[in-house]
file model-v7.txt (compact mmCIF, C-alpha atoms)
# COMPACT_ATOMS: atom_id res chain seq x y z
CA PRO A 1 -100.02 131.34 7.76
CA MET A 2 -103.56 131.26 9.19
CA ARG A 3 -104.33 128.22 7.01
CA CYS A 4 -101.37 126.18 8.29
CA ALA A 5 -101.98 123.12 10.47
CA TYR A 6 -100.07 122.52 13.67
CA SER A 7 -99.70 119.32 15.68
CA GLY A 8 -97.36 117.63 18.13
CA GLU A 9 -97.00 117.36 21.88
CA GLY A 10 -94.69 120.38 21.88
CA LEU A 11 -97.73 122.62 21.45
CA THR A 12 -98.89 121.94 25.02
CA ARG A 13 -96.26 120.07 27.01
CA ALA A 14 -92.59 119.24 27.21
CA VAL A 15 -90.05 117.69 29.56
CA ALA A 16 -86.94 119.51 30.76
CA GLY A 17 -83.89 118.29 28.86
CA GLU A 18 -85.93 116.50 26.20
CA ARG A 19 -86.61 117.79 22.72
CA ALA A 20 -90.24 118.80 22.16
CA ARG A 21 -91.59 118.61 18.61
CA ILE A 22 -94.11 120.69 16.67
CA ASP A 23 -95.20 119.65 13.18
CA VAL A 24 -96.38 122.30 10.72
CA VAL A 25 -98.18 121.59 7.45
CA ALA A 26 -98.24 124.64 5.15
CA HIS A 27 -101.36 125.64 3.17
CA ASP A 28 -101.94 128.44 0.71
CA LEU A 29 -104.62 131.11 0.98
CA LEU A 30 -107.18 128.77 -0.59
CA GLY A 31 -106.51 126.09 2.00
CA ARG A 32 -104.62 123.81 -0.37
CA ARG A 33 -101.62 122.00 1.02
CA ARG A 34 -98.31 123.12 -0.37
CA LEU A 35 -96.42 120.21 -1.92
CA HIS A 36 -92.93 121.65 -1.75
CA GLY A 37 -90.77 123.36 0.80
CA GLY A 38 -89.05 126.71 0.85
CA ASP A 39 -91.17 128.53 3.42
CA ALA A 40 -89.15 130.17 6.22
CA PHE A 41 -90.77 128.79 9.34
CA SER A 42 -88.95 129.42 12.60
CA LEU A 43 -89.50 129.18 16.34
CA VAL A 44 -88.55 132.08 18.58
CA SER A 45 -88.97 133.07 22.22
CA ALA A 46 -91.90 135.23 23.14
CA PRO A 47 -91.25 138.34 25.25
CA VAL A 48 -91.35 137.34 28.91
CA ASP A 49 -93.13 140.10 30.77
CA ARG A 50 -96.02 138.54 32.63
CA GLY A 51 -96.76 135.83 35.15
CA ALA A 52 -94.57 132.77 35.37
CA LEU A 53 -94.14 132.42 31.61
CA HIS A 54 -90.60 131.96 30.41
CA ALA A 55 -88.75 131.04 27.26
CA PRO A 56 -86.46 128.05 26.74
CA ASP A 57 -82.77 128.64 27.17
CA GLY A 58 -82.06 127.66 23.59
CA GLY A 59 -82.08 124.61 21.37
CA MET A 60 -84.85 125.81 19.03
CA THR A 61 -84.67 124.22 15.61
CA ALA A 62 -86.60 124.16 12.32
CA ALA A 63 -86.32 121.50 9.60
CA ASP A 64 -87.82 121.70 6.08
CA ARG A 65 -89.03 118.28 4.85
CA ALA A 66 -89.37 119.68 1.29
CA ASP A 67 -92.94 118.36 1.00
CA GLY A 68 -94.80 121.28 2.49
CA SER A 69 -94.32 120.11 6.07
CA TYR A 70 -91.87 121.35 8.67
CA GLU A 71 -90.58 120.06 11.96
CA LEU A 72 -89.95 122.60 14.67
CA GLY A 73 -88.31 121.68 17.96
CA TYR A 74 -87.17 123.12 21.22
CA THR A 75 -85.38 121.76 24.30
CA PRO A 76 -86.43 123.47 27.54
CA THR A 77 -84.37 123.25 30.71
CA ARG A 78 -86.62 124.98 33.23
CA ALA A 79 -89.83 123.48 34.53
CA GLY A 80 -92.95 125.62 34.44
CA ASP A 81 -94.96 127.44 31.77
CA LEU A 82 -93.19 128.76 28.69
CA GLU A 83 -94.29 130.75 25.66
CA LEU A 84 -92.94 130.51 22.12
CA VAL A 85 -93.95 132.02 18.77
CA VAL A 86 -94.01 130.24 15.42
CA GLN A 87 -93.00 132.67 12.69
CA LEU A 88 -93.26 132.59 8.93
CA ASN A 89 -90.90 134.86 7.08
CA GLY A 90 -90.32 136.71 10.33
CA LEU A 91 -94.01 137.33 11.03
CA PRO A 92 -95.82 135.67 13.96
CA CYS A 93 -98.41 133.10 12.98
CA ARG A 94 -98.95 130.93 16.08
CA THR A 95 -98.33 131.38 19.81
CA VAL A 96 -97.32 128.24 21.70
CA ARG A 97 -97.85 127.95 25.43
CA ALA A 98 -96.58 124.71 26.93
CA ARG A 99 -96.25 123.27 30.39
CA VAL A 100 -92.74 121.95 30.98
CA SER A 101 -92.37 119.11 33.48
CA ALA A 102 -89.19 118.34 35.39
CA GLY A 103 -87.02 115.58 34.01
CA ALA A 104 -85.96 112.34 35.67
CA ALA A 105 -84.20 112.55 39.00
CA ASP A 106 -80.44 112.98 38.65
CA ALA A 107 -78.13 111.60 41.36
CA GLY A 108 -75.72 114.51 41.08
CA ALA A 109 -78.50 117.03 41.71
CA CYS A 110 -80.34 115.24 44.53
CA ARG A 111 -79.59 116.19 48.11
CA ILE A 112 -80.31 115.44 51.76
CA ASP A 113 -82.45 117.88 53.69
CA GLY A 114 -82.77 118.12 57.47
CA LEU A 115 -79.46 116.51 58.46
CA ALA A 116 -76.21 118.27 59.29
CA GLN A 117 -72.92 117.18 57.73
CA VAL A 118 -71.87 115.89 61.16
CA ALA A 119 -74.90 115.20 63.34
CA GLN A 120 -75.03 113.92 66.92
CA HIS A 121 -77.92 111.79 68.09
CA SER A 122 -78.73 109.60 71.07
CA ALA A 123 -78.99 105.85 70.69
CA GLY A 124 -82.55 104.78 69.97
CA GLU A 125 -83.55 108.31 68.95
CA PRO A 126 -85.25 108.47 65.53
CA ILE A 127 -83.00 110.24 63.02
CA ARG A 128 -85.18 111.82 60.37
CA PHE A 129 -84.29 113.52 57.11
CA GLU A 130 -85.65 113.85 53.59
CA LEU A 131 -84.19 112.88 50.24
CA LEU A 132 -84.94 115.68 47.79
CA ALA A 133 -85.02 114.75 44.11
CA PHE A 134 -83.98 117.16 41.34
CA ASP A 135 -83.37 116.69 37.65
CA ARG A 136 -80.05 117.62 36.07
CA PHE A 137 -81.24 121.19 35.60
CA ARG A 138 -82.03 121.54 39.34
CA ASN A 139 -85.78 121.40 38.82
CA PRO A 140 -87.60 119.74 41.73
CA THR A 141 -88.89 116.39 40.58
CA SER A 142 -90.21 113.16 42.00
CA ALA A 143 -88.52 109.82 42.57
CA SER A 144 -89.74 106.51 43.83
CA ALA A 145 -88.56 105.40 47.25
CA ALA A 146 -87.42 102.19 45.55
CA ASP A 147 -84.91 104.24 43.54
CA PHE A 148 -83.04 105.30 46.67
CA ASP A 149 -80.67 103.17 48.69
CA VAL A 150 -79.67 104.12 52.25
CA SER A 151 -76.81 102.43 54.09
CA LEU A 152 -74.76 102.86 57.26
CA ALA A 153 -71.18 101.82 57.93
CA PRO A 154 -69.36 102.10 61.28
CA LEU A 155 -66.28 104.32 61.24
CA GLY A 156 -63.06 103.19 62.88
CA GLY A 157 -64.23 99.62 63.54
CA ALA A 158 -62.20 96.52 62.86
CA ARG A 159 -64.74 95.45 60.26
CA GLN A 160 -66.08 97.97 57.80
CA ARG A 161 -68.78 95.89 56.17
CA VAL A 162 -71.42 98.23 54.81
CA ARG A 163 -74.98 97.32 55.63
CA ARG A 164 -77.21 98.12 52.69
CA VAL A 165 -80.92 98.64 53.09
CA SER A 166 -83.00 99.19 49.97
CA ALA A 167 -85.64 101.86 50.16
CA SER A 168 -89.02 100.53 51.12
CA SER A 169 -92.51 101.79 51.75
CA ALA A 170 -93.38 103.39 55.05
CA SER A 171 -95.32 100.33 56.12
CA SER A 172 -92.32 98.01 56.09
CA VAL A 173 -89.13 97.91 58.13
CA GLU A 174 -85.92 96.22 57.10
CA THR A 175 -83.41 95.24 59.78
CA ALA A 176 -79.94 93.81 59.56
CA ASP A 177 -79.46 90.08 59.51
CA ALA A 178 -77.41 88.32 62.19
CA ALA A 179 -74.08 88.87 60.45
CA ASP A 180 -74.80 92.53 59.81
CA GLU A 181 -75.95 93.11 63.38
CA ALA A 182 -72.60 91.80 64.58
CA ASP A 183 -70.86 94.31 62.33
CA MET A 184 -73.10 97.18 63.33
CA GLY A 185 -72.90 96.34 67.02
CA GLY A 186 -76.69 96.44 67.32
CA ALA A 187 -79.92 96.62 65.41
CA VAL A 188 -80.48 99.40 62.90
CA ASP A 189 -83.93 100.12 61.49
CA VAL A 190 -84.24 102.06 58.23
CA ARG A 191 -87.57 103.34 56.92
CA VAL A 192 -87.99 105.20 53.63
CA SER A 193 -91.52 106.42 53.00
CA ASP A 194 -93.10 106.83 49.60
CA THR A 195 -92.41 110.55 49.90
CA CYS A 196 -88.71 109.80 50.51
CA HIS A 197 -88.77 110.73 54.18
CA VAL A 198 -86.13 108.60 55.89
CA THR A 199 -86.13 107.44 59.51
CA LEU A 200 -83.09 105.74 61.04
CA VAL A 201 -82.95 104.21 64.51
CA VAL A 202 -79.45 103.22 65.67
CA GLU A 203 -79.15 101.40 68.98
CA ARG A 204 -75.39 101.04 69.26
CA ALA A 205 -73.32 104.12 70.09
CA GLY A 206 -70.49 104.98 67.73
CA ARG A 207 -69.65 106.97 64.61
CA TYR A 208 -71.28 105.95 61.35
CA ARG A 209 -70.96 106.98 57.73
CA LEU A 210 -74.29 107.57 55.99
CA ASP A 211 -74.40 106.70 52.31
CA CYS A 212 -77.42 107.64 50.18
CA ARG A 213 -77.60 106.65 46.54
CA LEU A 214 -79.98 107.02 43.63
CA ARG A 215 -80.01 103.97 41.37
CA GLY A 216 -76.55 103.03 42.59
CA LEU A 217 -74.98 106.49 42.17
CA PRO A 218 -74.07 108.69 45.15
CA ILE A 219 -76.32 111.70 45.40
CA GLY A 220 -74.90 115.18 44.97
CA ASP A 221 -74.37 115.87 48.67
CA ALA A 222 -71.60 113.26 48.69
CA ARG A 223 -69.34 115.77 46.93
CA ALA A 224 -69.21 117.78 50.16
CA GLY A 225 -67.85 114.76 52.04
CA PRO A 226 -69.48 111.86 53.81
CA ARG A 227 -72.34 112.41 56.20
CA VAL A 228 -71.26 111.35 59.68
CA LEU A 229 -73.71 110.28 62.37
CA ASP A 230 -72.25 110.51 65.87
CA VAL A 231 -74.48 108.27 67.99
CA VAL A 232 -73.94 108.64 71.74
CA ALA A 233 -75.39 106.72 74.66
CA ALA A 234 -78.90 107.70 75.66
CA ARG A 235 -80.02 108.52 79.19
CA ALA A 236 -78.78 105.95 81.70
CA VAL A 237 -81.18 103.41 83.19
CA GLY A 238 -80.82 101.38 86.35
CA GLU A 239 -81.59 98.01 84.81
CA ARG A 240 -78.42 98.21 82.72
CA SER A 241 -76.13 100.10 85.11
CA VAL A 242 -73.63 98.27 87.30
CA VAL A 243 -72.46 98.70 90.91
CA GLN A 244 -69.15 97.07 91.78
CA GLY A 245 -66.32 97.34 94.27
CA PRO A 246 -65.48 96.23 97.85
CA GLY A 247 -67.86 98.80 99.28
CA THR A 248 -70.81 96.75 98.01
CA ARG A 249 -69.81 93.83 100.26
CA GLY A 250 -68.35 95.51 103.33
CA GLY A 251 -65.25 94.51 105.26
CA LEU A 252 -63.22 95.29 108.33
CA SER A 253 -64.12 98.56 109.99
CA GLY A 254 -61.38 101.15 109.88
CA PRO A 255 -60.45 102.57 106.47
CA PRO A 256 -63.17 104.03 104.25
CA LEU A 257 -64.80 101.69 101.74
CA SER A 258 -65.65 102.59 98.19
CA PHE A 259 -67.47 101.28 95.14
CA GLU A 260 -68.19 102.49 91.65
CA VAL A 261 -71.38 102.96 89.68
CA HIS A 262 -71.01 102.49 85.91
CA THR A 263 -73.98 103.83 84.00
CA TYR A 264 -75.41 102.39 80.78
CA ASP A 265 -78.37 103.26 78.61
CA ALA A 266 -81.24 100.92 77.74
CA PHE A 267 -79.27 99.47 74.80
CA GLY A 268 -76.19 98.61 76.86
CA ASN A 269 -74.10 101.58 75.70
CA PRO A 270 -71.76 102.88 78.41
CA ARG A 271 -72.32 106.50 79.30
CA MET A 272 -69.19 108.40 78.32
CA ARG A 273 -70.30 111.61 79.95
CA GLY A 274 -71.83 112.55 83.26
CA GLY A 275 -75.00 114.34 84.11
CA ASP A 276 -76.96 111.37 85.43
CA ASP A 277 -78.75 111.52 88.77
CA VAL A 278 -76.87 108.87 90.77
CA ARG A 279 -77.86 108.38 94.40
CA ALA A 280 -76.59 105.95 97.04
CA ALA A 281 -77.60 105.46 100.69
CA LEU A 282 -76.88 102.97 103.48
CA ARG A 283 -79.39 101.74 106.05
CA TRP A 284 -79.21 99.24 108.86
CA ARG A 285 -80.79 95.94 107.97
CA ASP A 286 -82.66 95.76 111.30
CA GLY A 287 -83.63 99.42 111.24
CA GLY A 288 -80.86 100.53 113.61
CA ASP A 289 -82.92 102.74 115.88
CA GLY A 290 -84.36 99.91 117.96
CA ALA A 291 -80.92 98.36 118.37
CA GLY A 292 -79.42 101.61 119.65
CA ARG A 293 -77.03 101.88 116.71
CA PRO A 294 -75.68 105.21 115.45
CA PRO A 295 -76.91 106.58 112.13
CA PRO A 296 -75.60 104.70 109.09
CA PRO A 297 -72.66 106.23 107.21
CA THR A 298 -73.32 108.83 104.53
CA VAL A 299 -72.19 107.96 101.01
CA SER A 300 -70.27 110.65 99.14
CA ILE A 301 -70.41 110.50 95.33
CA VAL A 302 -67.80 111.93 92.94
CA GLU A 303 -68.45 111.94 89.20
CA GLN A 304 -65.60 110.58 87.10
CA SER A 305 -64.58 111.87 83.68
CA VAL A 306 -65.99 109.00 81.60
CA GLY A 307 -69.47 108.53 83.01
CA GLY A 308 -68.52 106.53 86.10
CA TYR A 309 -69.23 107.55 89.69
CA ARG A 310 -66.96 106.80 92.66
CA CYS A 311 -68.81 106.38 95.94
CA THR A 312 -67.14 106.35 99.37
CA TYR A 313 -68.34 105.96 102.95
CA GLU A 314 -66.70 105.82 106.37
CA THR A 315 -66.69 102.64 108.47
CA THR A 316 -65.98 104.39 111.74
CA LEU A 317 -67.73 107.04 113.78
CA ALA A 318 -65.91 109.83 115.59
CA GLN A 319 -67.83 110.68 118.76
CA SER A 320 -67.28 112.74 121.90
CA ALA A 321 -65.57 110.95 124.81
CA LYS A 322 -65.52 113.56 127.54
CA HIS A 323 -64.77 117.21 128.17
CA GLY A 324 -61.63 118.48 129.84
CA ALA A 325 -62.98 121.30 131.95
CA ALA A 326 -59.56 122.60 132.87
CA LYS A 327 -58.29 122.99 129.39
CA GLY A 328 -61.64 123.56 127.71
CA ARG A 329 -60.90 120.92 125.12
CA GLU A 330 -63.08 118.10 123.82
CA LEU A 331 -61.69 114.60 123.46
CA ARG A 332 -63.05 112.49 120.60
CA GLU A 333 -62.65 108.81 119.96
CA VAL A 334 -63.08 106.71 116.83
CA VAL A 335 -65.70 104.01 117.20
CA PRO A 336 -65.77 101.23 114.58
CA LEU A 337 -69.13 100.48 113.04
CA HIS A 338 -70.25 96.90 112.81
CA GLY A 339 -73.32 95.06 111.69
CA GLU A 340 -75.30 94.46 108.52
CA LEU A 341 -76.38 97.32 106.29
CA LEU A 342 -78.28 97.56 103.04
CA LEU A 343 -76.92 99.67 100.17
CA ASP A 344 -79.51 101.29 97.92
CA VAL A 345 -78.37 102.80 94.63
CA SER A 346 -80.50 104.50 91.97
CA VAL A 347 -79.71 105.97 88.56
CA ASN A 348 -82.10 108.60 87.22
CA GLY A 349 -84.80 107.22 89.47
CA TRP A 350 -84.20 103.59 88.46
CA ALA A 351 -83.39 101.42 91.46
CA LEU A 352 -80.51 98.97 91.20
CA PRO A 353 -80.51 95.68 93.14
CA THR A 354 -79.93 96.27 96.84
CA CYS A 355 -76.53 95.14 98.14
CA ALA A 356 -75.96 93.59 101.58
CA VAL A 357 -72.98 95.18 103.35
CA LEU A 358 -71.36 93.55 106.39
CA LEU A 359 -69.10 95.65 108.59
CA ARG A 360 -66.93 93.77 111.07
CA GLY A 361 -65.54 95.56 114.10
CA ALA A 362 -61.84 96.34 114.23
CA PRO A 363 -59.55 94.20 116.43
CA ASP A 364 -58.93 95.36 119.99
CA GLY A 365 -56.63 98.37 120.10
CA ALA A 366 -57.17 99.28 116.52
CA ALA A 367 -59.51 102.11 117.43
CA GLY A 368 -59.04 104.62 120.20
CA ALA A 369 -58.63 108.26 120.85
CA ALA A 370 -58.31 110.08 117.58
CA GLY A 371 -57.18 113.49 118.68
CA ASP A 372 -58.46 116.86 119.69
CA ALA A 373 -60.97 119.22 118.25
CA ALA A 374 -61.32 122.89 119.14
CA GLY A 375 -63.85 123.38 121.92
call {"tool": "encode", "arguments": {"input": "model-v7.txt", "output": "structure tokens"}}
result
Amino acid sequence: PMRCAYSGEGLTRAVAGERARIDVVAHDLLGRRRLHGGDAFSLVSAPVDRGALHAPDGGMTAADRADGSYELGYTPTRAGDLELVVQLNGLPCRTVRARVSAGAADAGACRIDGLAQVAQHSAGEPIRFELLAFDRFRNPTSASAADFDVSLAPLGGARQRVRRVSASSASSVETADAADEADMGGAVDVRVSDTCHVTLVVERAGRYRLDCRLRGLPIGDARAGPRVLDVVAARAVGERSVVQGPGTRGGLSGPPLSFEVHTYDAFGNPRMRGGDDVRAALRWRDGGDGAGRPPPPTVSIVEQSVGGYRCTYETTLAQSAKHGAAKGRELREVVPLHGELLLDVSVNGWALPTCAVLLRGAPDGAAGAAGDAAG
């Protein structure tokens, strides 16, 4: 056996799932090639007791060509270093140590890392995750970004047209065309780097289905159900928010006036939840103090359940009329406010356009003594 010649890539390297070949040419003790078969060459696993060496899971074969040469083969499934022994008549004659590389990426084994099954994100916020490639034996492997396809589809919309974006290098960005933007309700940027790190930026709030494929086949994570991206409105800004209602214009003094503030984020998405810092204040156009006017009304703000804010202010002022010394009671009268005021509203520090409010005094007899208050 020491005179035998060995060749073939299987002596040093192999690929998981692919048959590796070792050719053996038998020689006698004098170094002469044997011209007929009949020698019992075989390939067996070496004892695995050190380092990262391991044996193949099976698939070891030996074929006699009947001309003094033999073809040995093995099919590994695990990437890494393995050790085999070539035997002749049951006796070891050559140790084989080969490096096994992972096979081609398999769609059923690939998965998404860094993204929950149902994930909530704010509009405009980068959504990042990684596409991990594995071969069919679950060995980590590599895949080109061009092999992956990432798409988004809105859930529950009237039109369910799927926007497909092929994977691209990190230096390029692909955006939807005009028709797709109408379906998506806004621009969507998809970036897939050469290392298969994905970045999505969705500007329109809503629920989306994320579909990731490898060479047209859904990756393994799809078996657990679709990935859902729940995109909600970002922090409200003043330049998009709206103030509306009769209280922004004024009216006849008497009943309270009100208006509403509807908050939107920078992409025009309505805020469906509260938590924004909404402020509103009235001030006299001419300053008030020099004209001897009372302080402007205070605006009270109540947050609604769907991200709106109801604002109310009084158009009259209750002030002391005189004291009844005998009864020890204070008389108060309701005085209508009149004149021009300015309404300032801000959302999270962003100032909205100032509104001019005109209060007109109530007709004669409409205001008078309002009642008593404990003295």
call {"tool": "closest_residue", "arguments": {"input": "model-v7.txt", "among": "A:Ala146, A:Ala62, A:Cys212, A:Val302", "to": "Thr195 (chain A)", "atoms": "all atoms listed in the file"}}
result
A:Ala146
call {"tool": "residues_around", "arguments": {"input": "model-v7.txt", "residues": "Thr263 (chain A)", "least_positions_apart": "3", "cutoff": "7 Å", "atoms": "only C-alpha atoms", "output": "short mmCIF file (atom, residue, chain, number, x, y, z; two decimals) with C-alpha atoms, keeping the file's coordinate frame"}}
result
data_model
loop_
_atom_site.label_atom_id
_atom_site.label_comp_id
_atom_site.auth_asym_id
_atom_site.auth_seq_id
_atom_site.Cartn_x
_atom_site.Cartn_y
_atom_site.Cartn_z
CA ALA A 236 -78.78 105.95 81.70
CA SER A 241 -76.13 100.10 85.11
CA VAL A 242 -73.63 98.27 87.30
CA PRO A 270 -71.76 102.88 78.41
CA ARG A 271 -72.32 106.50 79.30
CA GLY A 307 -69.47 108.53 83.01
CA GLY A 308 -68.52 106.53 86.10
#
call {"tool": "residues_around", "arguments": {"input": "model-v7.txt", "residues": "Leu131 (chain A)", "least_positions_apart": "2", "cutoff": "8 Å", "atoms": "only C-alpha atoms", "output": "ChimeraX atom specification"}}
result
/A:110-113,129,133,196-198
call {"tool": "closest_residue", "arguments": {"input": "model-v7.txt", "among": "A:Phe148, A:Phe41, A:Phe137, A:Tyr74", "to": "Gly10 (chain A)", "atoms": "only C-alpha atoms"}}
result
A:Tyr74
call {"tool": "residues_around", "arguments": {"input": "model-v7.txt", "residues": "Leu115 (chain A)", "least_positions_apart": "6", "cutoff": "10 Å", "atoms": "all atoms listed in the file", "output": "VMD selection string"}}
result
chain A and resid 127 to 130 227 to 229
call {"tool": "closest_residue", "arguments": {"input": "model-v7.txt", "among": "A:Val231, A:Ala153, A:Met60, A:Leu214", "to": "Leu132 (chain A)", "atoms": "only C-alpha atoms"}}
result
A:Leu214
call {"tool": "atom_distance", "arguments": {"input": "model-v7.txt", "atom1": "CA of Arg136 (chain A)", "atom2": "CA of Leu217 (chain A)"}}
result
13.7 Å
call {"tool": "residues_around", "arguments": {"input": "model-v7.txt", "residues": "Thr141 (chain A)", "least_positions_apart": "5", "cutoff": "8 Å", "atoms": "only C-alpha atoms", "output": "VMD selection string"}}
result
chain A and resid 102 to 105 133 to 135
